[in-house]
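> Input target22.cif, format and content: mmCIF, C-alpha atoms.
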data_protein
loop_
_atom_site.label_atom_id
_atom_site.label_comp_id
_atom_site.auth_asym_id
_atom_site.auth_seq_id
_atom_site.Cartn_x
_atom_site.Cartn_y
_atom_site.Cartn_z
CA MET A 1 0.00 0.00 0.00
CA THR A 2 1.67 3.19 -1.09
CA PHE A 3 0.74 6.77 -1.75
CA ILE A 4 2.37 8.59 -4.64
CA THR A 5 5.14 10.74 -3.18
CA PRO A 6 6.79 12.64 -6.04
CA SER A 7 9.77 14.92 -5.82
CA THR A 8 8.86 18.47 -4.82
CA SER A 9 11.71 20.29 -6.63
CA PRO A 10 10.55 23.02 -9.06
CA ALA A 11 12.38 21.47 -11.99
CA ALA A 12 10.83 18.07 -11.37
CA PHE A 13 7.39 19.66 -11.05
CA ARG A 14 7.72 21.60 -14.32
CA SER A 15 8.85 18.47 -16.13
CA ARG A 16 5.59 16.79 -15.13
CA TRP A 17 3.28 19.45 -16.64
CA PRO A 18 2.71 17.47 -19.87
CA LEU A 19 1.89 14.35 -17.84
CA ILE A 20 -0.42 16.33 -15.55
CA GLY A 21 -2.23 17.83 -18.54
CA LEU A 22 -2.60 14.43 -20.20
CA SER A 23 -3.89 12.92 -16.95
CA LEU A 24 -6.49 15.67 -16.51
CA ALA A 25 -7.63 15.25 -20.11
CA LEU A 26 -7.94 11.49 -19.56
CA ILE A 27 -9.98 12.02 -16.39
CA VAL A 28 -12.33 14.45 -18.14
CA GLY A 29 -12.69 11.99 -21.00
CA CYS A 30 -13.55 9.20 -18.55
CA VAL A 31 -16.18 11.40 -16.87
CA ILE A 32 -17.76 12.19 -20.25
CA LEU A 33 -17.71 8.52 -21.22
CA MET A 34 -19.17 7.34 -17.91
CA SER A 35 -21.90 9.97 -18.00
CA ASN A 36 -23.09 8.55 -21.30
CA ILE A 37 -22.78 4.80 -20.74
CA TRP A 38 -22.98 4.19 -16.96
CA PRO A 39 -26.48 3.84 -15.45
CA VAL A 40 -27.49 6.07 -12.58
CA GLY A 41 -27.10 4.03 -9.41
CA PRO A 42 -29.99 3.57 -6.96
CA ASP A 43 -28.01 4.82 -3.97
CA TYR A 44 -26.83 7.91 -5.81
CA TYR A 45 -30.33 8.69 -7.12
CA PHE A 46 -32.47 7.87 -4.09
CA THR A 47 -30.05 8.81 -1.29
CA PHE A 48 -27.24 11.16 -2.23
CA ASN A 49 -28.69 13.25 -5.03
CA ARG A 50 -32.17 13.54 -3.53
CA ASN A 51 -31.00 14.36 -0.01
CA ALA A 52 -28.66 17.04 -1.33
CA LEU A 53 -31.43 18.58 -3.43
CA ASN A 54 -33.97 18.35 -0.60
CA TRP A 55 -31.57 20.15 1.72
CA LEU A 56 -30.83 22.83 -0.88
CA GLN A 57 -34.56 23.37 -1.43
CA GLY A 58 -35.33 23.56 2.28
CA LYS A 59 -37.37 20.35 2.30
CA SER A 60 -35.05 18.64 4.78
CA HIS A 61 -32.46 19.63 7.38
CA LEU A 62 -31.11 16.06 7.57
CA TYR A 63 -32.00 13.25 9.96
CA ASP A 64 -35.66 14.25 10.02
CA ASP A 65 -38.89 12.44 9.19
CA ASN A 66 -39.12 13.90 5.72
CA PRO A 67 -42.67 13.70 4.27
CA PHE A 68 -41.38 14.47 0.79
CA GLU A 69 -42.41 11.54 -1.40
CA ASP A 70 -40.96 10.86 -4.81
CA VAL A 71 -41.52 7.13 -4.59
CA PRO A 72 -44.96 5.88 -3.45
CA GLY A 73 -44.61 4.11 -0.13
CA ASP A 74 -41.01 5.24 0.29
CA ARG A 75 -41.60 7.90 2.91
CA ASP A 76 -37.99 8.27 3.95
CA ILE A 77 -35.07 7.86 1.57
CA GLY A 78 -32.44 7.70 4.29
CA PHE A 79 -29.27 9.62 5.04
CA PHE A 80 -27.01 7.70 7.41
CA TYR A 81 -23.83 9.71 6.93
CA ALA A 82 -21.95 12.60 8.50
CA PRO A 83 -23.42 15.97 7.44
CA TRP A 84 -20.15 17.20 5.94
CA LEU A 85 -20.60 14.65 3.16
CA LEU A 86 -22.88 17.32 1.66
CA THR A 87 -19.77 19.38 0.83
CA ILE A 88 -19.20 16.74 -1.85
CA LEU A 89 -22.82 15.90 -2.69
CA VAL A 90 -24.20 19.41 -3.13
CA PRO A 91 -21.80 20.43 -5.96
CA LEU A 92 -22.54 17.10 -7.68
CA ALA A 93 -26.29 17.62 -7.25
CA LEU A 94 -26.06 20.95 -9.08
CA LEU A 95 -24.88 19.09 -12.19
CA PRO A 96 -27.00 16.83 -14.43
CA ILE A 97 -27.54 13.64 -12.48
CA ASN A 98 -25.60 11.44 -14.93
CA VAL A 99 -22.63 13.83 -14.85
CA GLY A 100 -22.67 14.05 -11.05
CA GLN A 101 -22.57 10.29 -10.65
CA ALA A 102 -19.92 9.97 -13.38
CA ILE A 103 -17.64 12.30 -11.39
CA LEU A 104 -18.29 10.27 -8.23
CA THR A 105 -17.63 6.98 -10.06
CA VAL A 106 -14.37 8.15 -11.66
CA SER A 107 -13.27 9.64 -8.32
CA SER A 108 -13.94 6.29 -6.63
CA ILE A 109 -11.82 4.41 -9.18
CA LEU A 110 -9.00 6.94 -8.84
CA GLY A 111 -9.23 6.74 -5.05
CA ILE A 112 -8.72 2.97 -5.06
CA MET A 113 -5.87 3.23 -7.58
CA LEU A 114 -4.20 5.95 -5.51
CA CYS A 115 -4.26 3.81 -2.37
CA LEU A 116 -3.34 0.44 -3.77
CA ARG A 117 -1.46 -1.19 -6.61
CA LEU A 118 -2.96 -4.61 -7.22
CA ALA A 119 -5.40 -4.96 -10.10
CA LEU A 120 -6.98 -8.13 -8.70
CA ALA A 121 -8.02 -6.21 -5.58
CA LEU A 122 -9.91 -3.70 -7.71
CA ALA A 123 -11.60 -6.12 -10.12
CA ASN A 124 -14.23 -7.87 -8.02
CA LEU A 125 -17.99 -7.79 -7.59
CA HIS A 126 -17.87 -5.72 -4.40
CA THR A 127 -16.01 -2.90 -6.14
CA PHE A 128 -18.51 -3.15 -8.99
CA ASP A 129 -21.32 -2.87 -6.43
CA VAL A 130 -19.86 0.42 -5.15
CA LEU A 131 -19.63 1.83 -8.67
CA ILE A 132 -23.01 0.63 -9.95
CA ARG A 133 -24.80 1.94 -6.86
CA GLY A 134 -23.03 5.29 -6.89
CA GLN A 135 -21.81 4.83 -3.31
CA VAL A 136 -19.26 6.85 -1.34
CA ASP A 137 -17.37 4.07 0.47
CA VAL A 138 -14.12 4.85 -1.35
CA PHE A 139 -13.86 8.15 0.57
CA VAL A 140 -13.71 6.08 3.76
CA LEU A 141 -11.14 3.75 2.16
CA VAL A 142 -8.95 6.73 1.25
CA GLY A 143 -9.35 8.00 4.81
CA CYS A 144 -8.13 4.69 6.28
CA VAL A 145 -5.06 4.45 4.04
CA LEU A 146 -4.32 8.16 4.46
CA GLY A 147 -4.49 7.63 8.22
CA TRP A 148 -1.90 4.85 8.02
CA TRP A 149 0.38 7.02 5.89
CA ALA A 150 -0.06 10.08 8.12
CA PHE A 151 0.86 8.02 11.18
CA GLN A 152 4.01 6.70 9.51
CA LYS A 153 5.03 10.24 8.52
CA ARG A 154 3.73 11.75 11.78
CA ARG A 155 1.57 14.28 9.92
CA PRO A 156 -1.18 15.24 12.39
CA TRP A 157 -3.00 17.56 9.97
CA LEU A 158 -3.25 14.81 7.35
CA LEU A 159 -4.38 12.39 10.04
CA SER A 160 -7.09 14.88 10.95
CA LEU A 161 -8.29 14.84 7.34
CA ALA A 162 -8.24 11.03 7.46
CA PHE A 163 -10.48 11.03 10.56
CA ALA A 164 -12.90 13.40 8.80
CA LEU A 165 -13.14 11.06 5.79
CA ILE A 166 -13.57 7.97 7.97
CA ALA A 167 -16.34 9.71 9.93
CA ILE A 168 -18.45 10.04 6.76
CA LYS A 169 -19.57 6.44 7.40
CA PRO A 170 -18.39 5.81 10.97
CA ILE A 171 -19.95 2.36 11.43
CA SER A 172 -18.00 1.01 8.46
CA ALA A 173 -14.57 1.87 9.88
CA VAL A 174 -14.91 2.48 13.61
CA LEU A 175 -12.14 -0.02 14.45
CA PRO A 176 -9.53 1.48 12.07
CA ALA A 177 -10.36 4.89 13.58
CA LEU A 178 -9.96 3.43 17.08
CA ALA A 179 -6.63 1.85 16.09
CA LEU A 180 -5.37 5.20 14.79
CA LEU A 181 -6.43 6.96 17.99
CA LEU A 182 -4.65 4.35 20.10
CA ALA A 183 -1.56 4.53 17.89
CA ILE A 184 -1.09 8.27 18.50
CA LEU A 185 -1.39 8.11 22.29
CA ARG A 186 2.40 8.48 22.52
CA TRP A 187 2.42 11.60 20.35
CA PRO A 188 2.90 15.00 21.99
CA LEU A 189 -0.32 16.61 23.17
CA ILE A 190 -0.17 19.34 20.52
CA ASP A 191 0.03 16.74 17.74
CA LYS A 192 -2.87 14.79 19.20
CA LEU A 193 -4.97 17.95 19.29
CA LYS A 194 -4.09 18.68 15.67
CA ALA A 195 -5.06 15.13 14.67
CA ILE A 196 -8.59 15.48 16.02
CA SER A 197 -9.05 19.16 15.18
CA LEU A 198 -10.73 18.86 11.78
CA PRO A 199 -13.47 16.39 12.86
CA ILE A 200 -14.22 18.58 15.89
CA ALA A 201 -14.33 21.69 13.71
CA LEU A 202 -16.67 19.95 11.26
CA VAL A 203 -18.99 18.87 14.07
CA VAL A 204 -19.20 22.46 15.34
CA LEU A 205 -19.55 23.95 11.85
CA SER A 206 -22.28 21.43 11.04
CA GLY A 207 -24.10 22.70 14.13
CA PHE A 208 -24.28 26.21 12.66
CA ILE A 209 -25.60 24.83 9.34
CA PHE A 210 -27.81 21.89 10.34
CA GLY A 211 -28.63 22.75 13.95
CA PHE A 212 -26.60 21.93 17.04
CA ASP A 213 -28.91 19.06 17.85
CA TRP A 214 -27.85 17.19 14.70
CA PRO A 215 -25.79 14.54 16.58
CA LEU A 216 -28.87 13.67 18.69
CA ARG A 217 -31.10 13.67 15.60
CA TYR A 218 -28.60 11.43 13.85
CA LEU A 219 -28.53 8.89 16.69
CA ILE A 220 -32.34 8.80 16.86
CA TYR A 221 -32.54 8.58 13.09
CA VAL A 222 -30.23 5.57 12.71
CA ARG A 223 -32.08 3.75 15.52
CA THR A 224 -35.48 4.48 14.00
CA TYR A 225 -35.04 3.91 10.29
CA LEU A 226 -33.52 1.18 8.20
CA PRO A 227 -32.27 1.65 4.63
CA PRO A 228 -34.71 0.26 2.06
CA ASN A 229 -32.17 -2.38 1.00
CA ASP A 230 -31.68 -3.73 4.52
CA TYR A 231 -32.80 -7.16 3.32
CA LEU A 232 -29.45 -7.38 1.49
CA SER A 233 -27.43 -7.03 4.69
CA THR A 234 -24.52 -9.49 4.81
CA SER A 235 -24.07 -9.24 8.57
CA LEU A 236 -22.67 -12.32 10.28
CA TRP A 237 -25.18 -11.77 13.09
CA ARG A 238 -28.05 -11.99 10.65
CA ALA A 239 -26.49 -15.01 8.96
CA LEU A 240 -26.53 -16.93 12.24
CA ASN A 241 -30.14 -16.01 12.86
CA GLN A 242 -31.00 -17.15 9.34
CA ILE A 243 -29.68 -20.67 10.00
CA GLY A 244 -31.38 -20.86 13.39
CA LEU A 245 -28.45 -20.10 15.69
CA SER A 246 -28.36 -17.41 18.35
CA SER A 247 -26.34 -14.38 17.29
CA TRP A 248 -25.23 -14.02 20.92
CA LEU A 249 -22.71 -16.75 20.19
CA LEU A 250 -20.70 -14.07 18.39
CA VAL A 251 -20.44 -11.74 21.36
CA PRO A 252 -17.45 -13.42 23.08
CA LEU A 253 -15.66 -13.87 19.74
CA ALA A 254 -16.19 -10.22 18.83
CA VAL A 255 -15.02 -9.05 22.26
CA ILE A 256 -11.86 -11.18 22.06
CA ALA A 257 -11.09 -9.93 18.53
CA VAL A 258 -11.49 -6.28 19.54
CA ILE A 259 -9.45 -6.69 22.73
CA ALA A 260 -6.66 -8.38 20.72
CA LEU A 261 -6.68 -5.47 18.28
CA VAL A 262 -6.52 -2.92 21.08
CA VAL A 263 -3.69 -4.70 22.92
CA VAL A 264 -1.57 -5.13 19.80
CA THR A 265 -2.14 -1.55 18.60
CA LEU A 266 -1.20 -0.10 21.99
CA ARG A 267 2.09 -1.98 21.83
CA VAL A 268 3.13 -1.57 18.18
CA GLY A 269 1.28 1.46 16.79
CA MET A 270 -0.18 1.50 13.29
CA ASN A 271 1.18 -0.56 10.41
CA GLN A 272 -0.26 -2.25 7.33
CA TRP A 273 -1.21 -5.40 9.22
CA ILE A 274 -3.00 -3.42 11.95
CA LEU A 275 -4.90 -1.49 9.28
CA ALA A 276 -5.81 -4.72 7.48
CA ILE A 277 -6.92 -6.65 10.59
CA SER A 278 -8.89 -3.68 11.95
CA LEU A 279 -10.84 -3.44 8.69
CA ALA A 280 -11.41 -7.20 8.50
CA THR A 281 -12.55 -7.33 12.14
CA ASN A 282 -14.83 -4.34 11.67
CA LEU A 283 -16.60 -5.77 8.62
CA LEU A 284 -16.76 -9.31 10.00
CA PHE A 285 -18.47 -8.36 13.26
CA ALA A 286 -20.40 -5.23 12.20
CA VAL A 287 -24.11 -5.49 12.89
CA TYR A 288 -24.88 -3.64 9.66
CA VAL A 289 -22.85 -4.31 6.52
CA HIS A 290 -23.50 -4.55 2.78
CA ASP A 291 -21.48 -5.73 -0.20
CA ASN A 292 -20.44 -2.19 -1.14
CA HIS A 293 -18.77 -1.85 2.29
CA TYR A 294 -16.40 -4.69 1.37
CA VAL A 295 -14.42 -2.34 -0.85
CA LEU A 296 -12.82 -1.31 2.44
CA LEU A 297 -11.25 -4.77 2.60
CA VAL A 298 -8.92 -4.00 -0.29
CA PRO A 299 -5.97 -3.24 2.06
CA ALA A 300 -6.56 -6.57 3.82
CA PHE A 301 -6.71 -8.44 0.51
CA VAL A 302 -3.52 -6.78 -0.74
CA TYR A 303 -1.68 -7.64 2.48
CA VAL A 304 -2.66 -11.31 2.17
CA ALA A 305 -1.99 -11.47 -1.59
CA ARG A 306 1.55 -10.14 -1.24
CA ARG A 307 2.41 -12.88 1.24
CA ASP A 308 0.54 -15.99 0.11
CA TRP A 309 -0.91 -16.32 -3.40
CA ARG A 310 -2.91 -19.40 -2.42
CA LEU A 311 -4.78 -17.54 0.29
CA ALA A 312 -5.27 -14.67 -2.15
CA ILE A 313 -6.96 -16.97 -4.68
CA ILE A 314 -9.26 -18.39 -2.00
CA ALA A 315 -10.16 -14.88 -0.82
CA TYR A 316 -10.76 -13.66 -4.36
CA LEU A 317 -13.03 -16.61 -5.18
CA SER A 318 -15.08 -15.73 -2.11
CA THR A 319 -15.86 -12.34 -3.68
CA LEU A 320 -17.92 -14.19 -6.29
CA THR A 321 -20.56 -15.37 -3.80
CA PRO A 322 -23.06 -12.64 -4.84
CA LEU A 323 -23.59 -14.73 -8.00
CA LEU A 324 -25.29 -17.35 -5.82
CA ARG A 325 -28.29 -15.02 -5.58
CA LEU A 326 -29.06 -15.93 -9.17
CA VAL A 327 -29.78 -19.46 -7.93
CA TRP A 328 -30.94 -19.09 -4.32
CA GLY A 329 -32.41 -15.58 -4.34
CA TRP A 330 -31.79 -12.64 -2.03
CA GLU A 331 -31.62 -14.85 1.06
CA ALA A 332 -28.20 -15.99 -0.18
CA ALA A 333 -26.81 -12.49 0.52
CA ARG A 334 -25.60 -13.52 3.97
CA ILE A 335 -23.09 -15.99 2.49
CA ASP A 336 -21.04 -13.01 1.28
CA VAL A 337 -19.67 -12.67 4.83
CA ILE A 338 -17.28 -15.48 3.90
CA TYR A 339 -15.02 -12.85 2.28
CA PRO A 340 -14.18 -10.88 5.47
CA LEU A 341 -14.08 -14.15 7.42
CA ILE A 342 -11.42 -15.61 5.11
CA LEU A 343 -9.36 -12.42 5.27
CA PHE A 344 -9.68 -12.24 9.07
CA VAL A 345 -8.47 -15.83 9.51
CA SER A 346 -5.75 -15.42 6.86
CA LEU A 347 -4.31 -12.30 8.48
CA TRP A 348 -4.00 -13.93 11.89
CA TRP A 349 -2.69 -17.17 10.39
CA LEU A 350 -0.01 -15.37 8.38
CA LYS A 351 1.21 -13.52 11.42
CA PHE A 352 1.30 -16.55 13.74
CA ALA A 353 2.97 -18.58 10.99
CA ALA A 354 5.64 -15.88 10.78
CA VAL A 355 6.06 -15.98 14.55
CA ARG A 356 6.62 -19.74 14.47
CA THR A 357 9.53 -19.26 12.09
CA LEU A 358 11.23 -17.30 14.87
CA GLU A 359 11.30 -20.41 17.05
CA PRO A 360 14.56 -22.40 17.06
CA SER A 361 14.54 -25.22 14.52
CA SER A 362 15.34 -27.66 17.33
CA SER A 363 12.10 -26.80 19.11
CA ALA A 364 9.53 -29.51 18.46
CA ASN A 365 6.57 -27.51 19.70
CA THR A 366 5.70 -23.85 19.79
CA ASN A 367 6.55 -22.23 23.12
CA PHE A 368 3.29 -20.48 23.90
CA SER A 369 4.91 -18.38 26.62
CA ARG A 370 6.93 -16.64 23.89
CA LEU A 371 4.11 -16.48 21.34
CA LEU A 372 2.68 -13.09 22.28
CA PRO A 373 6.05 -11.36 22.88
CA ASN A 374 7.34 -12.67 19.54
CA LEU A 375 4.18 -11.49 17.80
CA LEU A 376 4.48 -8.00 19.29
CA ASN A 377 8.19 -7.83 18.44
CA LEU A 378 7.48 -8.87 14.86
CA LEU A 379 4.73 -6.28 14.45
CA SER A 380 6.86 -3.58 16.08
CA GLU A 381 9.60 -4.31 13.57
CA GLU A 382 7.08 -4.03 10.73
CA THR A 383 5.94 -0.65 12.03
CA HIS A 384 9.53 0.60 12.20
CA ASN A 385 10.35 -0.72 8.71
CA GLU A 386 7.25 0.84 7.16
CA ALA A 387 8.03 4.22 8.69
CA ALA A 388 11.57 4.03 7.33
CA LEU A 389 10.32 2.98 3.88
CA VAL A 390 7.74 5.77 3.70
CA GLY A 391 10.41 8.29 4.71
CA LYS A 392 12.80 6.95 2.07
CA ARG A 393 10.20 7.24 -0.69
CA ARG A 394 9.48 10.81 0.36
CA THR A 395 13.13 11.84 -0.05
CA GLU A 396 13.65 10.10 -3.40
#
Spell out the structure here as structure tokens.

Amino acid sequence: MTFITPSTSPAAFRSRWPLIGLSLALIVGCVILMSNIWPVGPDYYFTFNRNALNWLQGKSHLYDDNPFEDVPGDRDIGFFYAPWLLTILVPLALLPINVGQAILTVSSILGIMLCLRLALALANLHTFDVLIRGQVDVFVLVGCVLGWWAFQKRRPWLLSLAFALIAIKPISAVLPALALLLAILRWPLIDKLKAISLPIALVVLSGFIFGFDWPLRYLIYVRTYLPPNDYLSTSLWRALNQIGLSSWLLVPLAVIAVIALVVVTLRVGMNQWILAISLATNLLFAVYVHDNHYVLLVPAFVYVARRDWRLAIIAYLSTLTPLLRLVWGWEAARIDVIYPLILFVSLWWLKFAAVRTLEPSSSANTNFSRLLPNLLNLLSEETHNEAALVGKRRTE
């Protein structure tokens, strides 16, 4: 996982003007092409575009019981996002709807390409679901990867931007956000304040625009209403209920997974494995999750793929499970949770397998008393190496 870190010298920048111009022309061409061939997604039409227009026209102030009906029987079209998402949606809503979604779609593709360099991670049905729906999950993905990079470079202002992007859909990435917060506990107080400054400023600014009771309205709203496509939820909790098992069986497993994440992050900080396992844990145990949210698992998939191609093939094949709905109907949606489950197990297996290689070859069995210390030492070394590598790329 790497961000592009070009040289900042004036000569190097001037030499890139032709490439920059060609890239901009290509992006504009892609937007024009997508606006003419790509269908308007249901999420973009019913949620993002309509909520932005309703707010502009004074028909909604967000998180309210909006009586405005465009679709018979669909009394509320739902807005389950941070209010500052409108800074992106409102300009798009002022454009023709096909052009607005085309810009969002091309931006999503560029966001994934900017964060990651593995074509197989991009070309799957979950990424297609994000693009065909006109969803905004890639902004959260960029926030997660930007947060990792900002931690490695110790850039509190960039980390603050990362937190603001993650907060657009907080349920989807609450554990990566928690991991980042834990990772900066050793930073100086001034840097910690900088890192949380932008989200706090946006919360206050949103109060002036949408009313200072918007956080309370939001909490009531998400507890009262369900998105119209809730029947497509791929939650592991719902999957257990569907096969007749109590979802409470997951509670101890979820608690153990979160505690393990917290303990490891407190000891080693943020690195690629912590980012990957936090995302996999979040989407495996989230009570509300859909296929489009699985685009956030791209960092986890890339981490696994770069270390074991066999596990990568198994994980990639599990992204094809949405095709089973053609045979078994919408009730088969819950089987899609296999994808985060495979990545979750693979990430832990890879790390413990690496720890076992640290044991002396003469040792017949793993010494469990050294298992956790060896794991933490290995992850601490990864954190140090990543920080050094990011710094090296910056100076090249």
> Expressed in Å to a single decimal, how great is the separation between atom CA of A:Ile168 and atom CA of A:Leu85?
6.2 Å
> Box along x, y and z, 6 Å on every side, all listed atoms of stretch 340-357 of chain A inside: centre and edge lengths in Å to one decimal, as AutoDock Vina command-line options.

--center_x -2.3 --center_y -15.3 --center_z 9.8 --size_x 35.7 --size_y 20.9 --size_z 21.4
> Given the file above and the PyMOL selection byres ((chain A and resi 151) around 10), which residues are selected, and can you give them as a PyMOL selection string?
chain A and resi 145-150+152-156+158-159+180+183-184+187+195+269-271+387
> So that I can check the surroundings of A:Leu141, please list as JSON, numbers by chain every protein, DNA and RNA residue that reaches within 12 Å of it, counting only C-alpha atoms and ignoring chain neighbours fewer than 6 positions away.
{"A": [1, 108, 109, 110, 111, 112, 113, 114, 115, 116, 127, 130, 147, 148, 162, 163, 164, 165, 166, 167, 168, 169, 170, 172, 173, 176, 177, 275, 276, 279, 292, 293, 294, 295, 296, 297, 298, 299, 300]}
> With distances taken over all atoms listed in the file, which of A:Arg217, A:His290, A:Arg50, A:Arg306 is nearest to A:Ile97?
A:Arg50
> How would you write, as a count of residues only, the residues chosen by the PyMOL selection byres ((chain A and resi 203) around 12) on this structure?
26
> Check the smallest atom-to-atom distance from each of A:Ser235, A:Leu320, A:Val345, A:Leu375 to A:Thr357 using only C-alpha atoms, then report the winner.
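Of all the options, A:Leu375 lies closest to A:Thr357.
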> Using all atoms listed in the file, pick whichever of A:Tyr44, A:Tyr225, A:Trp349, A:Tyr231 has the shortest atom-to-atom distance to A:Ala102.
A:Tyr44
